[in-house]
Amino acid sequence: ELPFAENYRIKMVEPIYRSTREERENWIRKADYNLFNLRSEQVYIDLLTDSGTGAMSDRQWAAVMTGDESYAGSSSFFNLKDRVEQLFGFEYMLPVHQGRAAENVLFSVLVKEGNIVPGNSHFDTTKGHIEFRKAKAVDCTIDEAFDTTIDHPFKGNIDLEKLQLVLETYPKDQIPMIIVTVTCNTSGGQPVSMQNMRDVKQLADAYGIPVIFDSARFAENAWFIKQREEGYADKTIKEIVREMYSYADGMTMSSKKDGIVNIGGLLAMHRKDWFDQATVYNIMYEGFLTYGGMAGRDMNALAVGLDEATEAEYLEARISQVHYLGNKLIEAGVPVQRPLGGHAVFVDARRFLPAVPQEEYIAQTLAVELYLEAGVRGVEVGTLLADRDPETHENRYPGNEFLRLAIPRRTYTNNHMDVVAAGLINLFERRDTIRRGFKIEHEAPIMRHFTVGLKKV
Ligand SMILES: Cc1ncc(COP(=O)(O)O)c(/C=N/[C@@H](Cc2ccccc2)C(=O)O)c1O
């Protein structure tokens, strides 16, 4: 029996730079302690996001060279359209430049002021595009998702009683859709089970409410169903994906994750009336129906990426690396969201730094400490990301205060993971010395975490 290894070898590399702690002290202070303000060469190992940061394959680069840049009727569009229909079963598809653009177009059709949009934990741009339209996102995730010590296999699941309460409380025309985010980013890259998708769709149909899948990490969700759900071990990833989407009326997708491309997104659906209305917004916000903010070469690369991402060997390599890092941290006693998710390790900052007051942005404090310690850039998925309550403008303290270490696809080796683990374990051994955090100096009205300015308390 030979050990497992990646199903690819490397043909191109780019240099990355170590730096000194002194350099990093200066850089992060000038960056207002906001890791988004760092230049890429000031970051040694960049785990800010798995969005758009992965490595394309030689077949994808070949598809770039044969991209069709026709304004209308591009053959690259039809390559993508056919791939989407083959994988997800939707007849209608619109390309957009990335995920939040798909949300902007679809929600322009479906979301009105005063609407209620239930689902599992909505991610920040999805929630932003709902609240921007003066509608309300209602988080119906199961309670287990908010306890990082519980080892529930599908923490992305929707609590059917919480969902039914919403469907009972509000009139049907006030609930434009239910959004199921696969995997659920906010709760830790946690999957939704096929049974839960089936149950949600059955409940939604009983109330006549459409179901939309936010599909950024759909392939990783399929992998967890194959690994953890009874009856799917012998199914291919593509078969599991096809069944998943039989429980959805439509989808939005940031293709920068499981599409394994650097830019791109799409929305797809069964309903022609939605498509006809969405095309108006797509032309207004994104471009013509057959390119939607993407170049032909990017659509071509995405059609290939979706095919590669739905292969078990690729997913085994990708998720094994996330679990390689996660298990090293678990062995050292570092508190992380359990079970380990698909695209990132979510460090439980509240349990890591119990001395830092909640209102001093605990996870941001840990993120900055890790950057100083090892030149590793993670991201806060906690109070900063949660934004303020739109009515009271008070901080909304979320159930989880995470430092997310998101691993780009096919990009780093496990040696880099060893550096990340060593940096975090060093901090863990001197965690009692970290007692104070940050306060906000300036912030945007929504999605503040991208541009916030902080200063040390
Ligand atoms: C489940 C889900 N739905 C839609 C979108 C929007 O898609 P898009 O407009 O970004 O293409 C996203 C984007 N997720 C990025 C955002 C981010 C966060 C921190 C740092 C950098 C980037 C991430 O999780 O990393 C998502 O996760």
# chains A, B, ... in the order shown; residues from 1 in each chain; ligands from 1
>>> select_by_dssp(residues="segment 227-358 of chain A", states="strand (DSSP E or B)", output="PyMOL selection string")
chain A and resi 250-254+265-269+336+344-348
>>> residues_near_ligand(ligand="ligand 1", cutoff="9 Å", atoms="only C-alpha atoms and all ligand atoms", output="PyMOL selection string")
chain A and resi 36+48-52+97-103+122-126+181-186+189+214-217+252-257+263-265+378-381+385+404+406+449-450
>>> residues_around(residues="Leu203 of chain A", least_positions_apart="6", cutoff="10 Å", atoms="only C-alpha atoms", output="ChimeraX atom specification")
/A:160,163-164,167,197,209
>>> write_last_selection(atoms="N, CA and C atoms", output="tab-separated table (two decimals), in the first residue's frame")
chain	number	residue	atom	x	y	z
A	160	LEU	N	-34.66	22.46	10.74
A	160	LEU	CA	-35.96	22.51	10.05
A	160	LEU	C	-37.04	23.19	10.89
A	163	LEU	N	-36.48	26.88	10.51
A	163	LEU	CA	-36.92	27.29	9.16
A	163	LEU	C	-38.45	27.33	9.11
A	164	GLN	N	-39.08	26.29	9.64
A	164	GLN	CA	-40.56	26.23	9.58
A	164	GLN	C	-41.17	27.40	10.35
A	167	LEU	N	-41.18	30.25	8.04
A	167	LEU	CA	-42.17	30.07	6.96
A	167	LEU	C	-43.59	30.24	7.49
A	197	MET	N	-30.76	18.72	2.55
A	197	MET	CA	-31.19	19.41	1.32
A	197	MET	C	-32.57	18.88	0.89
A	209	ILE	N	-42.01	28.16	-1.58
A	209	ILE	CA	-40.86	29.09	-1.54
A	209	ILE	C	-39.69	28.46	-2.31
>>> atom_distance(atom1="atom CA of Arg18 of chain A", atom2="atom CA of Glu331 of chain A")
26.2 Å
>>> select_by_dssp(residues="segment 158-234 of chain A", states="helix (DSSP H, G or I)", output="ChimeraX atom specification")
/A:160-169,172-174,194-207,218-228
>>> residues_around(residues="Thr310 of chain A", least_positions_apart="2", cutoff="9 Å", atoms="only C-alpha atoms", output="PyMOL selection string")
chain A and resi 87+219-220+222-223+236-238+241+258+305-308+312-315
>>> closest_residue(among="A:Leu2, A:Arg388, A:Tyr92, A:Ala349", to="Phe78 of chain A", atoms="only C-alpha atoms")
A:Tyr92
>>> atom_distance(atom1="atom CA of Thr66 of chain A", atom2="atom CA of Ile260 of chain A")
17.9 Å
>>> residues_around(residues="Arg377 of chain A", least_positions_apart="2", cutoff="6 Å", atoms="only C-alpha atoms", output="VMD selection string")
chain A and resid 46 to 48 371
>>> closest_residue(among="A:Met244, A:Met417, A:Ile45, A:Ala386", to="Pro445 of chain A", atoms="only C-alpha atoms")
A:Ala386
>>> atom_distance(atom1="atom CA of Gln358 of chain A", atom2="atom CA of Pro339 of chain A")
24.4 Å
